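> Input structure: run.pdb, which contains PDB, C-alpha atoms.
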```pdb
ATOM      1  CA  MET A 966       0.711-103.130 -26.635
ATOM      2  CA  LYS A 967      -0.525-104.886 -23.490
ATOM      3  CA  LEU A 968      -3.570-104.745 -21.233
ATOM      4  CA  ILE A 969      -4.041-105.220 -17.527
ATOM      5  CA  VAL A 970      -7.276-105.866 -15.644
ATOM      6  CA  ALA A 971      -8.853-107.687 -12.694
ATOM      7  CA  VAL A 972     -11.953-109.761 -13.519
ATOM      8  CA  ASP A 973     -14.490-111.783 -11.562
ATOM      9  CA  LYS A 974     -15.567-115.284 -12.576
ATOM     10  CA  ASN A 975     -17.852-113.808 -15.270
ATOM     11  CA  TRP A 976     -15.089-111.525 -16.627
ATOM     12  CA  GLY A 977     -16.830-108.587 -15.015
ATOM     13  CA  ILE A 978     -14.574-105.621 -14.308
ATOM     14  CA  GLY A 979     -16.707-102.920 -12.696
ATOM     15  CA  LYS A 980     -19.986-101.848 -11.177
ATOM     16  CA  GLU A 981     -21.538 -98.390 -11.134
ATOM     17  CA  GLY A 982     -18.321 -96.799 -12.331
ATOM     18  CA  ASP A 983     -16.070 -98.377  -9.705
ATOM     19  CA  LEU A 984     -13.961-101.499  -9.224
ATOM     20  CA  LEU A 985     -15.685-104.659  -8.016
ATOM     21  CA  THR A 986     -13.307-104.889  -5.074
ATOM     22  CA  SER A 987      -9.799-103.870  -4.051
ATOM     23  CA  ILE A 988      -7.105-106.440  -3.277
ATOM     24  CA  PRO A 989      -3.869-104.865  -1.948
ATOM     25  CA  ASP A 990      -1.676-107.439  -3.717
ATOM     26  CA  ASP A 991      -3.435-106.746  -7.016
ATOM     27  CA  MET A 992      -3.200-102.967  -6.569
ATOM     28  CA  ARG A 993       0.528-103.316  -5.892
ATOM     29  CA  PHE A 994       0.935-105.491  -9.004
ATOM     30  CA  PHE A 995      -0.928-102.904 -11.086
ATOM     31  CA  ARG A 996       1.216-100.065  -9.763
ATOM     32  CA  GLU A 997       4.510-101.880 -10.343
ATOM     33  CA  THR A 998       3.520-103.158 -13.791
ATOM     34  CA  THR A 999       2.282 -99.824 -15.126
ATOM     35  CA  GLN A1000       4.862 -97.493 -13.565
ATOM     36  CA  ARG A1001       6.672 -95.384 -16.198
ATOM     37  CA  HIS A1002       4.443 -96.700 -18.966
ATOM     38  CA  VAL A1003       2.017 -95.079 -21.385
ATOM     39  CA  LEU A1004      -1.513 -95.790 -20.147
ATOM     40  CA  VAL A1005      -4.606 -95.781 -22.365
ATOM     41  CA  MET A1006      -7.998 -95.446 -20.697
ATOM     42  CA  GLY A1007     -11.501 -94.093 -20.980
ATOM     43  CA  SER A1008     -12.712 -91.039 -19.086
ATOM     44  CA  LYS A1009     -14.726 -93.138 -16.603
ATOM     45  CA  THR A1010     -11.577 -95.038 -15.672
ATOM     46  CA  LEU A1011      -9.736 -91.769 -15.060
ATOM     47  CA  ARG A1012     -12.560 -90.461 -12.905
ATOM     48  CA  SER A1013     -12.380 -93.639 -10.800
ATOM     49  CA  PHE A1014      -8.864 -92.707  -9.632
ATOM     50  CA  LYS A1015      -8.290 -90.825  -6.396
ATOM     51  CA  ASN A1016      -9.501 -87.242  -6.837
ATOM     52  CA  SER A1017     -10.079 -88.096 -10.513
ATOM     53  CA  ARG A1018      -6.409 -87.333 -11.152
ATOM     54  CA  PRO A1019      -4.125 -89.053 -13.685
ATOM     55  CA  LEU A1020      -1.782 -91.660 -12.249
ATOM     56  CA  PRO A1021       1.644 -90.172 -11.428
ATOM     57  CA  GLY A1022       4.821 -91.472 -13.038
ATOM     58  CA  ARG A1023       2.966 -92.463 -16.195
ATOM     59  CA  LEU A1024       1.760 -90.847 -19.404
ATOM     60  CA  ASN A1025      -2.047 -90.906 -19.204
ATOM     61  CA  ILE A1026      -3.919 -90.975 -22.522
ATOM     62  CA  VAL A1027      -7.690 -90.598 -22.217
ATOM     63  CA  LEU A1028     -10.109 -91.643 -24.941
ATOM     64  CA  THR A1029     -13.389 -89.702 -24.874
ATOM     65  CA  ARG A1030     -15.905 -88.353 -27.366
ATOM     66  CA  SER A1031     -16.705 -85.416 -25.089
ATOM     67  CA  GLU A1032     -14.972 -82.040 -25.157
ATOM     68  CA  ALA A1033     -13.685 -82.572 -21.628
ATOM     69  CA  ALA A1034     -10.092 -81.718 -20.724
ATOM     70  CA  PHE A1035      -8.106 -83.426 -17.980
ATOM     71  CA  ALA A1036      -5.111 -81.778 -16.331
ATOM     72  CA  GLY A1037      -2.088 -84.025 -16.684
ATOM     73  CA  ALA A1038      -3.535 -86.182 -19.448
ATOM     74  CA  VAL A1039      -3.595 -86.290 -23.238
ATOM     75  CA  VAL A1040      -7.144 -86.356 -24.599
ATOM     76  CA  CYS A1041      -7.898 -88.323 -27.782
ATOM     77  CA  ARG A1042     -11.287 -88.094 -29.489
ATOM     78  CA  SER A1043     -11.046 -91.361 -31.440
ATOM     79  CA  ILE A1044      -9.262 -94.714 -31.566
ATOM     80  CA  GLU A1045      -7.575 -93.614 -34.794
ATOM     81  CA  GLN A1046      -6.192 -90.479 -33.146
ATOM     82  CA  ALA A1047      -4.942 -92.506 -30.171
ATOM     83  CA  LEU A1048      -3.236 -95.081 -32.382
ATOM     84  CA  ASN A1049      -1.548 -92.303 -34.342
ATOM     85  CA  LEU A1050      -0.230 -90.847 -31.095
ATOM     86  CA  LEU A1051       0.864 -94.228 -29.740
ATOM     87  CA  LYS A1052       3.033 -94.893 -32.783
ATOM     88  CA  SER A1053       5.740 -92.744 -31.195
ATOM     89  CA  PHE A1054       6.296 -95.332 -28.476
ATOM     90  CA  SER A1055       7.538 -98.870 -28.178
ATOM     91  CA  SER A1056       4.621-101.301 -28.106
ATOM     92  CA  ASP A1057       6.020-102.792 -24.876
ATOM     93  CA  ASP A1058       5.642 -99.422 -23.137
ATOM     94  CA  ILE A1059       1.889 -99.159 -23.770
ATOM     95  CA  MET A1060      -0.710-100.502 -21.337
ATOM     96  CA  VAL A1061      -4.486-100.498 -21.850
ATOM     97  CA  ILE A1062      -6.193-100.177 -18.448
ATOM     98  CA  GLY A1063      -9.939 -99.875 -19.164
ATOM     99  CA  GLY A1064     -12.817 -99.597 -19.097
ATOM    100  CA  GLY A1065     -14.939-102.143 -20.918
ATOM    101  CA  LEU A1066     -15.370-100.286 -24.218
ATOM    102  CA  ILE A1067     -11.670 -99.389 -24.408
ATOM    103  CA  TYR A1068     -10.676-103.013 -23.794
ATOM    104  CA  ARG A1069     -12.979-104.179 -26.581
ATOM    105  CA  GLN A1070     -11.761-101.539 -29.030
ATOM    106  CA  LEU A1071      -8.038-102.074 -28.399
ATOM    107  CA  LEU A1072      -8.033-105.820 -27.691
ATOM    108  CA  PRO A1073      -7.120-106.681 -31.323
ATOM    109  CA  TYR A1074      -3.969-104.527 -31.028
ATOM    110  CA  CYS A1075      -2.775-106.108 -27.754
ATOM    111  CA  SER A1076      -0.244-108.929 -27.806
ATOM    112  CA  LYS A1077      -0.245-109.670 -24.074
ATOM    113  CA  ALA A1078      -2.710-109.448 -21.194
ATOM    114  CA  TYR A1079      -2.214-109.476 -17.439
ATOM    115  CA  ILE A1080      -5.452-110.791 -15.942
ATOM    116  CA  THR A1081      -6.060-111.019 -12.199
ATOM    117  CA  LYS A1082      -8.774-113.653 -11.898
ATOM    118  CA  MET A1083     -10.949-113.276  -8.821
ATOM    119  CA  ARG A1084     -13.021-116.304  -7.912
ATOM    120  CA  PHE A1085     -16.290-114.603  -7.010
ATOM    121  CA  ASP A1086     -19.319-112.978  -8.639
ATOM    122  CA  GLY A1087     -19.005-109.226  -8.189
ATOM    123  CA  GLY A1088     -22.409-108.400  -9.667
ATOM    124  CA  ALA A1089     -20.683-106.442 -12.420
ATOM    125  CA  ASP A1090     -22.417-104.205 -14.942
ATOM    126  CA  THR A1091     -19.255-103.731 -17.036
ATOM    127  CA  PHE A1092     -17.375-106.582 -18.690
ATOM    128  CA  MET A1093     -14.439-107.296 -20.958
ATOM    129  CA  PRO A1094     -14.231-110.113 -23.511
ATOM    130  CA  ASN A1095     -13.602-113.556 -22.052
ATOM    131  CA  LEU A1096     -10.163-114.363 -23.460
ATOM    132  CA  ASP A1097     -10.744-118.065 -22.869
ATOM    133  CA  GLU A1098     -13.363-117.850 -25.625
ATOM    134  CA  VAL A1099     -11.247-115.888 -28.146
ATOM    135  CA  ASP A1100      -9.353-118.263 -30.458
ATOM    136  CA  SER A1101      -6.221-116.120 -30.842
ATOM    137  CA  TRP A1102      -5.745-115.656 -27.080
ATOM    138  CA  LYS A1103      -4.091-118.419 -25.059
ATOM    139  CA  LEU A1104      -3.325-118.727 -21.355
ATOM    140  CA  THR A1105       0.482-118.763 -20.987
ATOM    141  CA  GLY A1106       0.972-118.575 -17.235
ATOM    142  CA  GLU A1107      -0.805-118.573 -13.889
ATOM    143  CA  SER A1108       0.308-118.058 -10.303
ATOM    144  CA  GLU A1109      -0.739-120.170  -7.362
ATOM    145  CA  ILE A1110      -4.164-119.375  -5.941
ATOM    146  CA  LYS A1111      -3.941-116.613  -3.332
ATOM    147  CA  ASP A1112      -6.394-115.490  -0.677
ATOM    148  CA  TYR A1113      -7.417-112.088   0.642
ATOM    149  CA  GLU A1114     -10.051-112.035   3.386
ATOM    150  CA  GLY A1115     -11.688-115.159   1.969
ATOM    151  CA  LEU A1116     -11.543-114.024  -1.670
ATOM    152  CA  GLU A1117      -9.431-116.334  -3.821
ATOM    153  CA  TYR A1118      -7.560-114.959  -6.829
ATOM    154  CA  SER A1119      -4.599-115.656  -9.099
ATOM    155  CA  PHE A1120      -2.409-113.706 -11.507
ATOM    156  CA  THR A1121      -2.539-114.952 -15.096
ATOM    157  CA  GLU A1122      -0.953-114.018 -18.408
ATOM    158  CA  TYR A1123      -2.417-114.435 -21.891
ATOM    159  CA  ALA A1124      -0.789-114.036 -25.305
ATOM    160  CA  ASN A1125      -2.446-113.037 -28.577
ATOM    161  CA  SER A1126      -1.089-114.892 -31.628
ATOM    162  CA  ASP A1127      -2.899-112.596 -34.045
ATOM    163  CA  ALA A1128      -2.322-109.031 -32.792
ATOM    164  CA  ALA A1129      -3.135-106.370 -35.398
ATOM    165  CA  GLU A1130      -0.126-104.729 -37.028
ATOM    166  CA  THR A1131       0.714-101.182 -35.966
ATOM    167  CA  GLU A1132       3.679 -99.080 -37.027
ATOM    168  CA  PHE A1133       5.340 -98.319 -33.708
ATOM    169  CA  THR A1134       8.414 -96.140 -34.291
ATOM    170  CA  ALA A1135       9.679 -96.093 -30.677
ATOM    171  CA  ALA A1136      10.740 -92.496 -31.327
ATOM    172  CA  CYS A1137      10.180 -91.722 -27.634
ATOM    173  CA  THR A1138      12.678 -94.170 -26.194
ATOM    174  CA  ASN A1139      13.489 -92.298 -22.989
ATOM    175  CA  MET A1140      10.036 -91.493 -21.653
ATOM    176  CA  SER A1141      10.648 -93.409 -18.431
ATOM    177  CA  GLU A1142      13.474 -90.981 -17.623
ATOM    178  CA  TYR A1143      10.983 -88.154 -17.264
ATOM    179  CA  PHE A1144       9.040 -89.984 -14.584
ATOM    180  CA  LYS A1145      11.927 -90.758 -12.244
ATOM    181  CA  THR A1146      11.639 -89.231  -8.777
ATOM    182  CA  LYS A1147      13.568 -85.948  -8.804
ATOM    183  CA  LYS A1148      14.516 -84.089  -5.638
ATOM    184  CA  PHE A1149      16.768 -81.337  -6.950
ATOM    185  CA  ILE A1150      18.310 -79.750 -10.021
ATOM    186  CA  ASP A1151      21.651 -77.970 -10.403
ATOM    187  CA  ILE A1152      21.232 -74.647 -12.208
ATOM    188  CA  ALA A1153      23.983 -72.411 -13.512
ATOM    189  CA  ALA A1154      23.599 -69.037 -11.805
ATOM    190  CA  GLY A1155      25.028 -66.934 -14.596
ATOM    191  CA  GLU A1156      23.870 -63.539 -15.839
ATOM    192  CA  MET A1157      21.286 -65.178 -18.112
ATOM    193  CA  ILE A1158      19.250 -66.360 -15.146
ATOM    194  CA  TYR A1159      18.444 -62.731 -14.268
ATOM    195  CA  ASN A1160      17.360 -61.795 -17.773
ATOM    196  CA  PRO A1161      13.590 -61.026 -17.652
ATOM    197  CA  GLU A1162      13.149 -62.775 -21.001
ATOM    198  CA  ILE A1163      14.627 -65.957 -19.544
ATOM    199  CA  ILE A1164      12.743 -66.075 -16.248
ATOM    200  CA  SER A1165       9.370 -67.262 -17.613
ATOM    201  CA  LYS A1166      11.073 -69.884 -19.770
ATOM    202  CA  LEU A1167      13.092 -71.061 -16.788
ATOM    203  CA  GLU A1168       9.953 -71.306 -14.656
ATOM    204  CA  ALA A1169       8.254 -73.428 -17.303
ATOM    205  CA  LEU A1170      11.274 -75.680 -17.640
ATOM    206  CA  LEU A1171      11.687 -76.124 -13.887
ATOM    207  CA  ASN A1172       8.044 -77.091 -13.540
ATOM    208  CA  ALA A1173       8.381 -79.455 -16.506
ATOM    209  CA  TYR A1174      11.450 -80.998 -14.902
ATOM    210  CA  PHE A1175       9.930 -81.559 -11.460
ATOM    211  CA  TYR A1176       6.314 -82.103 -12.525
ATOM    212  CA  PRO A1177       6.441 -83.668 -16.024
ATOM    213  CA  LEU A1178       3.227 -83.624 -18.031
ATOM    214  CA  LYS A1179       1.324 -81.852 -15.271
ATOM    215  CA  GLN A1180      -0.621 -79.918 -17.882
ATOM    216  CA  GLY A1181      -3.434 -81.424 -19.910
ATOM    217  CA  PHE A1182      -3.687 -81.113 -23.672
ATOM    218  CA  SER A1183      -5.491 -82.499 -26.687
ATOM    219  CA  ALA A1184      -4.107 -84.934 -29.237
ATOM    220  CA  ALA A1185      -5.439 -82.487 -31.824
ATOM    221  CA  ASP A1186      -2.681 -80.094 -30.689
ATOM    222  CA  VAL A1187      -0.149 -82.863 -31.261
ATOM    223  CA  ASP A1188      -1.551 -83.603 -34.728
ATOM    224  CA  SER A1189      -1.233 -79.941 -35.650
ATOM    225  CA  PHE A1190       2.371 -79.900 -34.405
ATOM    226  CA  PHE A1191       3.175 -82.960 -36.507
ATOM    227  CA  GLU A1192       1.652 -81.331 -39.585
ATOM    228  CA  ASN A1193       3.751 -78.191 -39.133
ATOM    229  CA  ASN A1194       6.941 -80.048 -38.189
ATOM    230  CA  ASN A1195       7.407 -82.822 -40.690
ATOM    231  CA  GLY A1196       8.968 -85.906 -39.119
ATOM    232  CA  ALA A1197       8.679 -84.620 -35.541
ATOM    233  CA  SER A1198       8.162 -87.056 -32.681
ATOM    234  CA  PHE A1199       5.790 -86.817 -29.734
ATOM    235  CA  GLU A1200       8.790 -86.298 -27.476
ATOM    236  CA  GLU A1201       9.785 -83.267 -29.552
ATOM    237  CA  TYR A1202       6.259 -81.944 -29.116
ATOM    238  CA  LEU A1203       6.485 -82.312 -25.336
ATOM    239  CA  LYS A1204       9.803 -80.488 -25.223
ATOM    240  CA  ALA A1205       8.631 -77.732 -27.577
ATOM    241  CA  LYS A1206       5.624 -77.115 -25.337
ATOM    242  CA  ARG A1207       7.802 -77.418 -22.211
ATOM    243  CA  LEU A1208       5.741 -80.285 -20.826
ATOM    244  CA  ILE A1209       8.882 -82.279 -20.074
ATOM    245  CA  ALA A1210      12.457 -81.148 -19.520
ATOM    246  CA  SER A1211      15.867 -82.681 -18.934
ATOM    247  CA  GLU A1212      18.829 -81.277 -17.038
ATOM    248  CA  GLU A1213      20.416 -80.608 -20.419
ATOM    249  CA  ASP A1214      17.428 -78.463 -21.439
ATOM    250  CA  ILE A1215      17.781 -76.294 -18.338
ATOM    251  CA  ALA A1216      21.570 -76.084 -18.631
ATOM    252  CA  ALA A1217      21.215 -74.890 -22.225
ATOM    253  CA  LEU A1218      18.775 -72.181 -21.118
ATOM    254  CA  THR A1219      20.660 -70.870 -18.111
ATOM    255  CA  GLY A1220      24.111 -70.977 -19.673
ATOM    256  CA  ALA A1221      27.517 -71.909 -18.283
ATOM    257  CA  SER A1222      28.698 -70.356 -15.030
ATOM    258  CA  PRO A1223      31.088 -71.226 -12.190
ATOM    259  CA  ALA A1224      28.267 -70.536  -9.714
ATOM    260  CA  ILE A1225      25.890 -73.503  -9.444
ATOM    261  CA  ILE A1226      22.647 -73.397  -7.456
ATOM    262  CA  ARG A1227      21.160 -76.679  -6.280
ATOM    263  CA  VAL A1228      17.390 -76.213  -6.183
ATOM    264  CA  LYS A1229      15.362 -78.702  -4.161
ATOM    265  CA  LYS A1230      11.946 -79.722  -5.382
ATOM    266  CA  GLU A1231      10.176 -78.262  -2.351
ATOM    267  CA  GLU A1232      12.066 -74.982  -2.825
ATOM    268  CA  LEU A1233      11.025 -74.615  -6.453
ATOM    269  CA  GLN A1234       8.262 -72.043  -6.014
ATOM    270  CA  GLU A1235      10.297 -70.014  -3.515
ATOM    271  CA  PHE A1236      13.260 -70.073  -5.871
ATOM    272  CA  ILE A1237      11.163 -68.856  -8.795
ATOM    273  CA  LYS A1238       9.734 -66.053  -6.665
ATOM    274  CA  ASP A1239      13.225 -65.007  -5.609
ATOM    275  CA  VAL A1240      14.363 -64.937  -9.213
ATOM    276  CA  ARG A1241      11.314 -62.900 -10.206
ATOM    277  CA  ASP A1242      12.021 -60.466  -7.350
ATOM    278  CA  SER A1243      15.478 -59.940  -8.887
ATOM    279  CA  ILE A1244      17.468 -61.018  -5.847
ATOM    280  CA  GLY A1245      21.127 -60.655  -6.750
ATOM    281  CA  PRO A1246      23.474 -63.540  -7.506
ATOM    282  CA  GLU A1247      25.330 -63.241  -4.213
ATOM    283  CA  ILE A1248      22.213 -63.446  -2.045
ATOM    284  CA  LEU A1249      20.584 -66.090  -4.222
ATOM    285  CA  THR A1250      23.576 -68.399  -4.293
ATOM    286  CA  LYS A1251      24.126 -67.970  -0.557
ATOM    287  CA  LYS A1252      20.494 -68.667   0.237
ATOM    288  CA  TYR A1253      20.355 -71.874  -1.801
ATOM    289  CA  LYS A1254      24.011 -72.811  -1.202
ATOM    290  CA  LEU A1255      26.534 -73.855  -3.826
ATOM    291  CA  THR A1256      27.597 -77.332  -4.816
ATOM    292  CA  ASP A1257      30.728 -78.636  -6.438
ATOM    293  CA  ASN A1258      28.703 -80.489  -9.105
TER     294      ASN A1258
END
```
Using the file provided, produce a representation of the structure as structure tokens.

Amino acid sequence: MKLIVAVDKNWGIGKEGDLLTSIPDDMRFFRETTQRHVLVMGSKTLRSFKNSRPLPGRLNIVLTRSEAAFAGAVVCRSIEQALNLLKSFSSDDIMVIGGGLIYRQLLPYCSKAYITKMRFDGGADTFMPNLDEVDSWKLTGESEIKDYEGLEYSFTEYANSDAAETEFTAACTNMSEYFKTKKFIDIAAGEMIYNPEIISKLEALLNAYFYPLKQGFSAADVDSFFENNNGASFEEYLKAKRLIASEEDIAALTGASPAIIRVKKEELQEFIKDVRDSIGPEILTKKYKLTDN
């Protein structure tokens, strides 16, 4: 796995639960580097985000000893539980993003680090290990020195020659697909779609398709699923719980039909309401229009 962080000249990373400063170029680099990745963080890091919400387009895994739950994130109560969960992914898809304790605990498992070095003293009260003083970590690349409103900084990369072994299975190889921007879905408007037993399942799948992993859940739930489904992957757990969905999942539920409804993302709730109100196929297909897809 990898880590990403911005540090001051003392390898400080935060103060009073917040970042030391915000550099637009660094924020853009963080966003582009972590997009469609699995992020591992502590609860304080999550709470530092806007509205204390998980970052969109990424799987947010939160390590905390508390009993707190976070909508849109997977909660792990221990490093061991997190590592067990992370085994389902490719190591290259995992990014550790803070805070200080999480960096220290997972540093031995990281093979690469993206460090934005800021040339100032931010008066930090939270720090991460100085990689220049860790024998196994070596600087492998550095950008030119940049400037933002008088603050100099550079982007650097470090490599760990002695990363701890972990048994990553990469069973969830298509996770990035679930985080792509989706604007519509084509749904077969057959008789099945009006079956009361299907409607709630369809609603769950549509929400999972447009808003993947919006719900929060505990890694303990995942562990229990693994125990009862020998050999199952985390991706299978997500699908079983309808936390993610593909077009194939929805097509399998709604069945084949010559009438296809294209549902836009912003029309999702209205569409579900119309289905629940038992509007007939003719009105429904006319209202949402048909496509040739």
> Would you tabulate, counting all atoms listed in the file, all residues of stretch 966-1031 of chain A that have an atom at most 9 Å from an atom of stretch 1082-1093 of chain A, showing the closest pair of atoms and their distance in Å to one decimal, sorted by chain then ascending number, as CSV?

```
residue,atom,partner,partner_atom,distance
A:Val970,CA,A:Lys1082,CA,8.8
A:Ala971,CA,A:Lys1082,CA,6.0
A:Val972,CA,A:Lys1082,CA,5.3
A:Asp973,CA,A:Met1083,CA,4.7
A:Lys974,CA,A:Arg1084,CA,5.4
A:Asn975,CA,A:Asp1086,CA,6.8
A:Trp976,CA,A:Phe1092,CA,5.8
A:Gly977,CA,A:Phe1092,CA,4.2
A:Ile978,CA,A:Phe1092,CA,5.3
A:Gly979,CA,A:Thr1091,CA,5.1
A:Lys980,CA,A:Ala1089,CA,4.8
A:Glu981,CA,A:Asp1090,CA,7.0
A:Gly982,CA,A:Thr1091,CA,8.4
A:Leu984,CA,A:Ala1089,CA,8.9
A:Leu985,CA,A:Gly1087,CA,5.6
A:Thr986,CA,A:Gly1087,CA,7.8
```
> List as an MDAnalysis selection string the protein and nucleic acid residues near A:Glu1109, meaning an atom at most 12 Å away when all atoms listed in the file are counted, but skip any in the same chain fewer than 3 places from it.
chainID A and resid 1081:1082 1106 1112 1117:1121
> Just so the selection is clear, what residues does the PyMOL selection byres ((chain A and resi 1019) around 10) cover here, as a list in words?
Leu1004, Thr1010, Leu1011, Arg1012, Ser1013, Phe1014, Lys1015, Asn1016, Ser1017, Arg1018, Leu1020, Pro1021, Gly1022, Arg1023, Leu1024, Asn1025, Ile1026, Val1027, Phe1035, Ala1036, Gly1037, Ala1038, Val1039, Lys1179 and Gly1181 of chain A
> List the neighbours of A:Gly1063 out to 6 Å using all atoms listed in the file; skip same-chain residues closer than 3 positions along the sequence, and give me the result as a ChimeraX atom specification.
/A:1006,1067-1068
> Go through A:Ala1124, A:Leu1178, A:Ile1237, A:Leu1096 and flag the residue nearest A:Ile1163, using all atoms listed in the file for the distances.
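Comparing A:Ala1124, A:Leu1178, A:Ile1237, A:Leu1096 against A:Ile1163, the winner is A:Ile1237.
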> Could you please determine the separation between atom CA of A:Lys1052 and atom CA of A:Phe1190 in Å, to one decimal place?
15.1 Å
> For the provided coordinates, the residues matched by the PyMOL selection byres ((chain A and resi 1249-1251) around 9) should be stated as number ranges by chain.
A: 1154, 1224-1227, 1236, 1239-1240, 1244-1248, 1252-1255
> Between atom CA of A:Thr1105 and atom CA of A:Glu1132, what is the distance, to one decimal in Å?
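Atom-to-atom, atom CA of A:Thr1105 to atom CA of A:Glu1132, that is 25.6 Å.
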> What separation in Å, quoted to one decimal, exists between atom CA of A:Ile1110 and atom CA of A:Leu1071?
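Interatomic distance here is 28.6 Å.
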> Could you pull out every residue with an atom within 10 Å of (-6.2, -114.5, -27.7), file coordinates, counting all atoms listed in the file, and send them as a list in words?
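Every polymer residue passing the test: Leu1072, Pro1073, Cys1075, Ser1076, Lys1077, Ala1078, Asn1095, Leu1096, Asp1097, Glu1098, Val1099, Asp1100, Ser1101, Trp1102, Lys1103, Leu1104, Tyr1123, Ala1124, Asn1125, Ser1126, Asp1127 and Ala1128 of chain A.
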> Which residues would end up in the selection if the PyMOL selection byres ((chain A and resi 1000) around 9) were applied here, given that I need the answer as a count of residues only?
14
> So, with all atoms listed in the file as the atoms that count, which of A:Ile1044, A:Ala1197, A:Leu1208, A:Val1005 lies closest to A:Cys1137?
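Selected residue with least distance to A:Cys1137: A:Ala1197.
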> What's the 10 Å shell around A:Gln1234, counting only C-alpha atoms, without same-chain residues fewer than 4 positions away, as a list in words?
Glu1168, Leu1171, Asn1172, Lys1229, Lys1230, Lys1238, Asp1239 and Val1240 of chain A
> Using all atoms listed in the file, which residue out of A:Tyr1143, A:Phe1199, A:Tyr1113, A:Phe1054 lies closest to A:Phe1175?
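Going through A:Tyr1143, A:Phe1199, A:Tyr1113, A:Phe1054 one by one, the smallest distance to A:Phe1175 is for A:Tyr1143.
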> Find the residue from A:Ile1209, A:Leu1048, A:Ile988, A:Leu1218 that sits nearest to A:Glu1130; use only C-alpha atoms when measuring.
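Of the candidates, the smallest distance to A:Glu1130 is held by A:Leu1048.
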> Which residue out of A:Ala1173, A:Ala1185, A:Ile1152, A:Ile1164 has the minimum interatomic distance to A:Ser1043 when all atoms listed in the file are used?
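Under the stated criterion, the closest residue is A:Ala1185.
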> For a quick check of understanding, using all atoms listed in the file, which of A:Val1228, A:Ala1210, A:Ala1217, A:Leu1203 has the smallest distance to A:Phe1182?
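Under the stated criterion, the closest residue is A:Leu1203.
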